[in-house]
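Okay, entry-v1.csv is below, CSV, C-alpha atoms:
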```csv
chain,number,residue,atom,x,y,z
A,1,MET,CA,0.0,0.0,0.0
A,2,ALA,CA,1.4,3.3,-1.1
A,3,PRO,CA,1.9,6.0,1.5
A,4,HIS,CA,-0.4,9.0,1.6
A,5,ILE,CA,0.9,12.2,0.0
A,6,GLN,CA,-0.8,15.4,1.1
A,7,ASP,CA,-1.2,18.2,-1.5
A,8,MET,CA,0.4,21.3,-0.2
A,9,PRO,CA,0.4,25.0,-1.4
A,10,PRO,CA,3.3,26.0,-3.8
A,11,GLU,CA,6.5,27.4,-2.4
A,12,GLY,CA,5.9,31.0,-1.1
A,13,GLY,CA,2.1,30.5,-0.9
A,14,TYR,CA,-0.8,31.1,-3.3
A,15,GLN,CA,-1.1,34.3,-5.3
A,16,LYS,CA,-3.1,37.2,-3.9
A,17,ILE,CA,-6.8,37.2,-4.8
A,18,ILE,CA,-7.7,40.4,-6.5
A,19,PHE,CA,-11.0,41.6,-5.3
A,20,GLU,CA,-10.7,45.4,-5.7
A,21,ARG,CA,-12.7,47.1,-8.5
A,22,ILE,CA,-10.5,47.9,-11.5
A,23,PRO,CA,-12.1,50.7,-13.5
A,24,ALA,CA,-11.8,50.6,-17.4
A,25,LYS,CA,-9.3,52.9,-18.8
A,26,SER,CA,-11.1,56.0,-20.1
A,27,TYR,CA,-9.8,57.7,-23.2
A,28,PHE,CA,-12.3,60.6,-23.4
A,29,GLY,CA,-14.2,62.6,-20.8
A,30,GLY,CA,-17.8,63.6,-21.1
A,31,TYR,CA,-17.2,67.0,-22.9
A,32,ALA,CA,-14.9,65.4,-25.4
A,33,MET,CA,-17.5,62.7,-26.2
A,34,ILE,CA,-20.2,65.3,-26.8
A,35,ALA,CA,-17.8,67.4,-28.9
A,36,GLY,CA,-16.9,64.3,-30.9
A,37,TYR,CA,-20.5,63.4,-31.4
A,38,LEU,CA,-21.3,66.9,-32.7
A,39,GLY,CA,-18.2,66.9,-34.9
A,40,ILE,CA,-19.0,63.5,-36.5
A,41,THR,CA,-22.6,64.5,-37.0
A,42,ALA,CA,-21.6,67.7,-38.7
A,43,GLY,CA,-19.3,65.8,-41.0
A,44,ALA,CA,-22.0,63.2,-41.8
A,45,CYS,CA,-24.5,66.0,-42.5
A,46,TYR,CA,-22.2,67.4,-45.0
A,47,LEU,CA,-21.7,64.0,-46.7
A,48,PHE,CA,-25.5,63.5,-46.6
A,49,TYR,CA,-25.9,66.9,-48.3
A,50,LEU,CA,-23.5,66.0,-51.1
A,51,ASN,CA,-25.2,62.6,-51.6
A,52,LYS,CA,-28.7,64.1,-51.5
A,53,ARG,CA,-27.7,66.7,-54.1
A,54,LYS,CA,-26.5,64.0,-56.4
A,55,VAL,CA,-29.6,61.8,-55.9
A,56,THR,CA,-31.9,64.8,-56.6
A,57,ARG,CA,-30.0,65.6,-59.7
A,58,GLU,CA,-30.2,62.1,-61.0
A,59,GLU,CA,-33.9,61.9,-60.2
A,60,ILE,CA,-34.5,65.1,-62.2
A,61,GLU,CA,-32.6,63.7,-65.1
A,62,ALA,CA,-34.5,60.4,-65.1
A,63,ARG,CA,-37.8,62.3,-64.8
A,64,SER,CA,-36.9,64.6,-67.7
A,65,ALA,CA,-36.0,61.6,-69.8
A,66,LYS,CA,-39.3,59.9,-69.0
A,67,ILE,CA,-41.2,63.1,-69.9
A,68,ALA,CA,-39.3,63.5,-73.0
A,69,ILE,CA,-39.9,59.9,-74.2
A,70,HIS,CA,-43.6,59.8,-73.1
A,71,PRO,CA,-45.1,61.3,-76.3
A,72,LEU,CA,-43.0,58.9,-78.3
A,73,LEU,CA,-44.4,55.9,-76.4
A,74,LEU,CA,-47.9,57.2,-76.7
A,75,ALA,CA,-47.5,57.6,-80.4
A,76,GLU,CA,-46.1,54.1,-80.8
A,77,ARG,CA,-49.0,52.7,-78.8
A,78,ASP,CA,-51.5,54.6,-81.0
A,79,ARG,CA,-49.8,53.5,-84.1
A,80,GLU,CA,-49.8,49.9,-83.1
A,81,PHE,CA,-53.5,50.2,-82.2
A,82,LEU,CA,-54.4,51.5,-85.6
A,83,LYS,CA,-52.2,48.9,-87.3
A,84,GLN,CA,-53.9,46.2,-85.3
A,85,LEU,CA,-57.3,47.5,-86.4
A,86,ARG,CA,-56.3,47.1,-90.0
A,87,ARG,CA,-55.1,43.6,-89.3
A,88,ASN,CA,-58.4,42.8,-87.6
A,89,ARG,CA,-60.3,44.1,-90.6
A,90,ASP,CA,-58.2,41.9,-93.0
A,91,GLU,CA,-58.7,38.9,-90.7
A,92,GLU,CA,-62.5,39.5,-90.6
A,93,GLU,CA,-62.6,39.8,-94.4
A,94,LYS,CA,-60.8,36.4,-94.7
A,95,LEU,CA,-62.9,34.8,-92.0
A,96,MET,CA,-66.4,35.9,-93.1
A,97,ALA,CA,-65.8,35.5,-96.8
A,98,ASN,CA,-68.2,32.6,-97.1
A,99,VAL,CA,-71.0,34.1,-94.9
A,100,ASP,CA,-73.9,35.4,-96.9
A,101,GLY,CA,-74.8,39.0,-96.5
A,102,TRP,CA,-71.8,39.8,-94.3
A,103,GLU,CA,-70.0,43.1,-95.0
A,104,VAL,CA,-66.8,43.9,-93.2
A,105,GLY,CA,-67.3,46.4,-90.4
A,106,THR,CA,-71.0,45.9,-90.1
A,107,TYR,CA,-73.3,43.4,-88.5
A,108,LYS,CA,-74.9,41.4,-91.3
A,109,GLY,CA,-74.8,44.4,-93.6
A,110,GLU,CA,-76.2,46.7,-91.0
A,111,PRO,CA,-73.8,49.5,-90.1
A,112,ILE,CA,-72.9,49.9,-86.4
A,113,TYR,CA,-73.8,53.6,-86.4
A,114,LYS,CA,-76.3,54.9,-89.0
A,115,THR,CA,-76.0,58.6,-88.7
A,116,ILE,CA,-72.3,59.3,-88.5
A,117,PRO,CA,-70.2,59.9,-91.6
A,118,LYS,CA,-68.6,56.8,-93.2
A,119,ASP,CA,-65.0,57.8,-92.6
A,120,LYS,CA,-65.5,58.5,-89.0
A,121,PHE,CA,-63.5,56.4,-86.6
A,122,ILE,CA,-65.5,54.0,-84.4
A,123,ASP,CA,-63.8,53.1,-81.2
A,124,PRO,CA,-63.9,49.3,-80.9
A,125,MET,CA,-64.7,47.7,-77.6
A,126,TYR,CA,-62.2,45.5,-75.9
A,127,ASN,CA,-63.8,42.2,-77.0
A,128,GLU,CA,-64.0,43.3,-80.6
A,129,TYR,CA,-60.3,44.3,-80.5
A,130,TYR,CA,-59.5,40.8,-79.4
A,131,ALA,CA,-62.2,39.1,-81.5
A,132,HIS,CA,-59.7,37.1,-83.6
A,133,SER,CA,-57.3,35.9,-80.9
A,134,SER,CA,-57.7,33.0,-78.5
A,135,TYR,CA,-59.4,33.2,-75.1
A,136,TRP,CA,-56.1,33.0,-73.3
A,137,ASP,CA,-54.6,36.0,-75.1
A,138,TRP,CA,-57.8,37.9,-74.3
A,139,ALA,CA,-57.7,36.9,-70.7
A,140,LYS,CA,-54.0,37.7,-70.3
A,141,ARG,CA,-54.5,41.2,-71.4
A,142,ALA,CA,-57.9,41.7,-69.7
A,143,HIS,CA,-56.5,40.7,-66.4
A,144,LEU,CA,-53.4,42.7,-66.9
A,145,LYS,CA,-55.4,45.8,-67.6
A,146,PHE,CA,-58.6,45.5,-65.6
A,147,TRP,CA,-57.4,43.6,-62.5
A,148,THR,CA,-54.1,45.4,-61.8
B,1,MET,CA,-93.2,55.1,-73.2
B,2,SER,CA,-91.7,57.9,-71.3
B,3,LEU,CA,-93.5,59.4,-68.3
B,4,ILE,CA,-92.5,63.0,-68.7
B,5,PRO,CA,-95.0,64.7,-71.1
B,6,PHE,CA,-97.9,63.3,-69.2
B,7,PHE,CA,-96.7,63.4,-65.7
B,8,ARG,CA,-94.8,66.6,-65.0
B,9,ASN,CA,-94.1,68.5,-61.8
B,10,PRO,CA,-91.2,70.6,-60.5
B,11,ILE,CA,-89.4,67.5,-59.1
B,12,THR,CA,-89.3,65.8,-62.5
B,13,ASP,CA,-88.1,69.0,-64.0
B,14,LEU,CA,-85.3,69.3,-61.4
B,15,THR,CA,-84.2,65.7,-61.6
B,16,GLY,CA,-84.7,65.0,-65.2
B,17,SER,CA,-81.4,66.6,-66.1
B,18,LEU,CA,-79.3,64.8,-63.6
B,19,VAL,CA,-78.5,61.6,-65.5
B,20,SER,CA,-77.0,62.3,-68.8
B,21,ARG,CA,-74.0,61.5,-71.0
B,22,GLN,CA,-72.9,65.1,-71.2
B,23,HIS,CA,-70.1,65.0,-68.7
B,24,PHE,CA,-67.3,64.6,-71.2
B,25,GLU,CA,-68.4,61.1,-72.0
B,26,LYS,CA,-68.2,59.2,-75.2
B,27,CYS,CA,-71.9,59.1,-76.1
B,28,GLY,CA,-72.5,62.8,-75.3
B,29,GLU,CA,-72.6,63.8,-78.9
B,30,PHE,CA,-75.1,61.0,-79.8
B,31,GLU,CA,-77.3,61.9,-76.9
B,32,MET,CA,-77.3,65.6,-77.7
B,33,ARG,CA,-78.3,65.0,-81.3
B,34,MET,CA,-81.0,62.6,-80.3
B,35,LEU,CA,-82.5,64.9,-77.7
B,36,GLN,CA,-82.5,67.9,-80.1
B,37,CYS,CA,-84.3,65.8,-82.7
B,38,LEU,CA,-86.8,64.6,-80.1
B,39,GLU,CA,-87.3,68.1,-78.9
B,40,ALA,CA,-88.0,69.3,-82.4
B,41,TYR,CA,-90.5,66.6,-83.3
B,42,GLY,CA,-92.0,65.7,-79.9
B,43,MET,CA,-92.6,62.4,-78.3
B,44,ASP,CA,-94.8,60.5,-80.9
B,45,ARG,CA,-93.5,61.7,-84.2
B,46,GLY,CA,-90.0,61.8,-82.8
B,47,LYS,CA,-90.0,58.1,-82.4
B,48,GLN,CA,-90.3,57.6,-86.1
B,49,LYS,CA,-88.4,60.6,-87.3
B,50,CYS,CA,-85.5,60.1,-84.9
B,51,ALA,CA,-85.4,56.3,-85.0
B,52,ASP,CA,-81.8,56.2,-86.4
B,53,LEU,CA,-80.5,58.7,-83.9
B,54,ILE,CA,-82.1,56.8,-81.0
B,55,GLU,CA,-80.7,53.6,-82.3
B,56,ASP,CA,-77.2,55.1,-82.6
B,57,PHE,CA,-77.4,56.4,-79.1
B,58,ASN,CA,-78.5,53.0,-77.7
B,59,GLU,CA,-75.7,51.4,-79.7
B,60,CYS,CA,-73.2,53.8,-78.2
B,61,GLN,CA,-74.4,53.0,-74.7
B,62,THR,CA,-74.8,49.3,-74.9
B,63,LYS,CA,-72.4,48.3,-77.8
B,64,TRP,CA,-74.9,45.7,-78.6
B,65,LYS,CA,-74.2,45.5,-82.3
B,66,GLN,CA,-70.5,45.2,-81.6
B,67,VAL,CA,-71.2,42.4,-79.2
B,68,LEU,CA,-73.3,40.6,-81.8
B,69,ARG,CA,-70.6,41.0,-84.4
B,70,VAL,CA,-68.0,39.4,-82.1
B,71,ASP,CA,-70.4,36.6,-81.3
B,72,ALA,CA,-71.1,36.0,-85.0
B,73,MET,CA,-67.4,35.9,-85.8
B,74,ARG,CA,-66.7,33.5,-83.0
B,75,ILE,CA,-69.5,31.2,-84.1
B,76,GLU,CA,-68.3,31.2,-87.7
B,77,ARG,CA,-64.8,30.5,-86.6
B,78,ASN,CA,-65.9,27.5,-84.4
B,79,ARG,CA,-68.1,26.3,-87.3
B,80,GLN,CA,-65.2,26.4,-89.7
B,81,VAL,CA,-63.0,24.4,-87.3
B,82,ASN,CA,-65.7,21.8,-86.6
B,83,GLN,CA,-66.4,21.2,-90.2
B,84,GLY,CA,-62.7,21.0,-91.0
B,85,GLU,CA,-62.4,24.0,-93.2
B,86,ARG,CA,-59.9,25.5,-90.9
B,87,SER,CA,-57.1,23.6,-89.2
B,88,LYS,CA,-57.0,23.7,-85.4
B,89,ASP,CA,-53.4,25.1,-85.3
B,90,GLN,CA,-54.6,28.1,-87.3
B,91,MET,CA,-57.8,28.6,-85.4
B,92,TYR,CA,-56.9,32.0,-84.1
B,93,ALA,CA,-55.0,34.9,-85.4
B,94,GLU,CA,-52.0,36.2,-83.7
B,95,ALA,CA,-52.8,38.3,-80.6
B,96,PRO,CA,-52.4,42.0,-80.6
B,97,THR,CA,-49.4,43.3,-78.6
B,98,GLN,CA,-50.5,43.7,-75.0
B,99,ASP,CA,-49.8,47.3,-74.6
B,100,SER,CA,-51.6,48.5,-77.7
B,101,PHE,CA,-55.1,48.6,-76.4
```
Rewritten as structure tokens:
Amino acid sequence: MAPHIQDMPPEGGYQKIIFERIPAKSYFGGYAMIAGYLGITAGACYLFYLNKRKVTREEIEARSAKIAIHPLLLAERDREFLKQLRRNRDEEEKLMANVDGWEVGTYKGEPIYKTIPKDKFIDPMYNEYYAHSSYWDWAKRAHLKFWT
Amino acid sequence: MSLIPFFRNPITDLTGSLVSRQHFEKCGEFEMRMLQCLEAYGMDRGKQKCADLIEDFNECQTKWKQVLRVDAMRIERNRQVNQGERSKDQMYAEAPTQDSF
């Protein structure tokens, strides 16, 4: 049986236990902190001003471009609208060629409006504009336009 | 038959003008021409004399002839496909571009 060995403290005793409060090292006082805050805020405000000026300028430029191009887009839309009316007319002519008594642009030979001049433009309704396309094309556009 | 020439009082005079197409609407011109014609001929003769104008105004409001036209074209298209005059691939024309209406 081995002899008992008692654990003893190291030579010279244990280290001192530190229990006093050790305050963190302070770099700035209160006044310096407030001054720094104000200084940094002033610098940031200047940077914000520069940025804001740039953003505003770019917004104005984009808006000007949009306004400049708007008549062009409208004109393109109207042009495409009129071209599509012509395509519809040709398609109707081809489709109803064998139907007796059918005249293009009328309902069985009966004009849509009787009292307006012949060359006056008649605004077609949506269904008539899409009369020659499939239901899915019709629905796509109808939902795009009327539901959103 | 309209009620107005036979039954008239200040309330009908006040409210008769409230509902109209004259507020920058599409059918305003048709309505104005029809009413001027009816005013000139009166109720009974106006019905015969202004028949076309009345019909045009009704068409402008209801688009009934345009609807019938679309229906007739759809029926004819379906008939052609059913009887084999038109192939199923070519049943419909190409759709208009979406932003054109």
request  = Kindly determine which residues of chain A lie within 8 Å of chain B, considering only C-alpha atoms, and give the answer as a PyMOL selection string.
outcome  = chain A and resi 77-78+80-81+84+91-92+95-96+106-107+112-115+124-134+137+141
Print the selection's residues with C-alpha atoms to a file, as a compact mmCIF listing (two decimals), in the coordinates of the input.
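The new file selection_38.txt reads:
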```txt
# COMPACT_ATOMS: atom_id res chain seq x y z
CA ARG A 77 -49.00 52.70 -78.80
CA ASP A 78 -51.50 54.60 -81.00
CA GLU A 80 -49.80 49.90 -83.10
CA PHE A 81 -53.50 50.20 -82.20
CA GLN A 84 -53.90 46.20 -85.30
CA GLU A 91 -58.70 38.90 -90.70
CA GLU A 92 -62.50 39.50 -90.60
CA LEU A 95 -62.90 34.80 -92.00
CA MET A 96 -66.40 35.90 -93.10
CA THR A 106 -71.00 45.90 -90.10
CA TYR A 107 -73.30 43.40 -88.50
CA ILE A 112 -72.90 49.90 -86.40
CA TYR A 113 -73.80 53.60 -86.40
CA LYS A 114 -76.30 54.90 -89.00
CA THR A 115 -76.00 58.60 -88.70
CA PRO A 124 -63.90 49.30 -80.90
CA MET A 125 -64.70 47.70 -77.60
CA TYR A 126 -62.20 45.50 -75.90
CA ASN A 127 -63.80 42.20 -77.00
CA GLU A 128 -64.00 43.30 -80.60
CA TYR A 129 -60.30 44.30 -80.50
CA TYR A 130 -59.50 40.80 -79.40
CA ALA A 131 -62.20 39.10 -81.50
CA HIS A 132 -59.70 37.10 -83.60
CA SER A 133 -57.30 35.90 -80.90
CA SER A 134 -57.70 33.00 -78.50
CA ASP A 137 -54.60 36.00 -75.10
CA ARG A 141 -54.50 41.20 -71.40
```
inquiry  = For Met43 of chain B, find every residue with an atom within 12 Å (counting all atoms listed in the file), except residues of its own chain fewer than 4 positions away, and show them as a ChimeraX atom specification.
reply    = /B:1-6,34-39,47-51
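Each of A:Trp102, A:Tyr49, A:Phe121, A:Tyr31 was compared to Leu85 of chain A using all atoms listed in the file, and A:Phe121 turns out to be the nearest.
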inquiry  = Neighbouring residues of Arg89 of chain A were defined as those with any atom within 9 Å, considering only C-alpha atoms; residues of the same chain fewer than 5 positions away were excluded. Please report them as a ChimeraX atom specification.
reply    = /A:84,94,104-105
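Between atom CA of Thr15 of chain B and atom CA of Arg33 of chain B the interatomic distance comes to 20.6 Å.
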ask   = Rounded to one decimal in Å, what is the spacing between atom CA of Cys27 of chain B and atom CA of Ala40 of chain B?
value = 20.1 Å
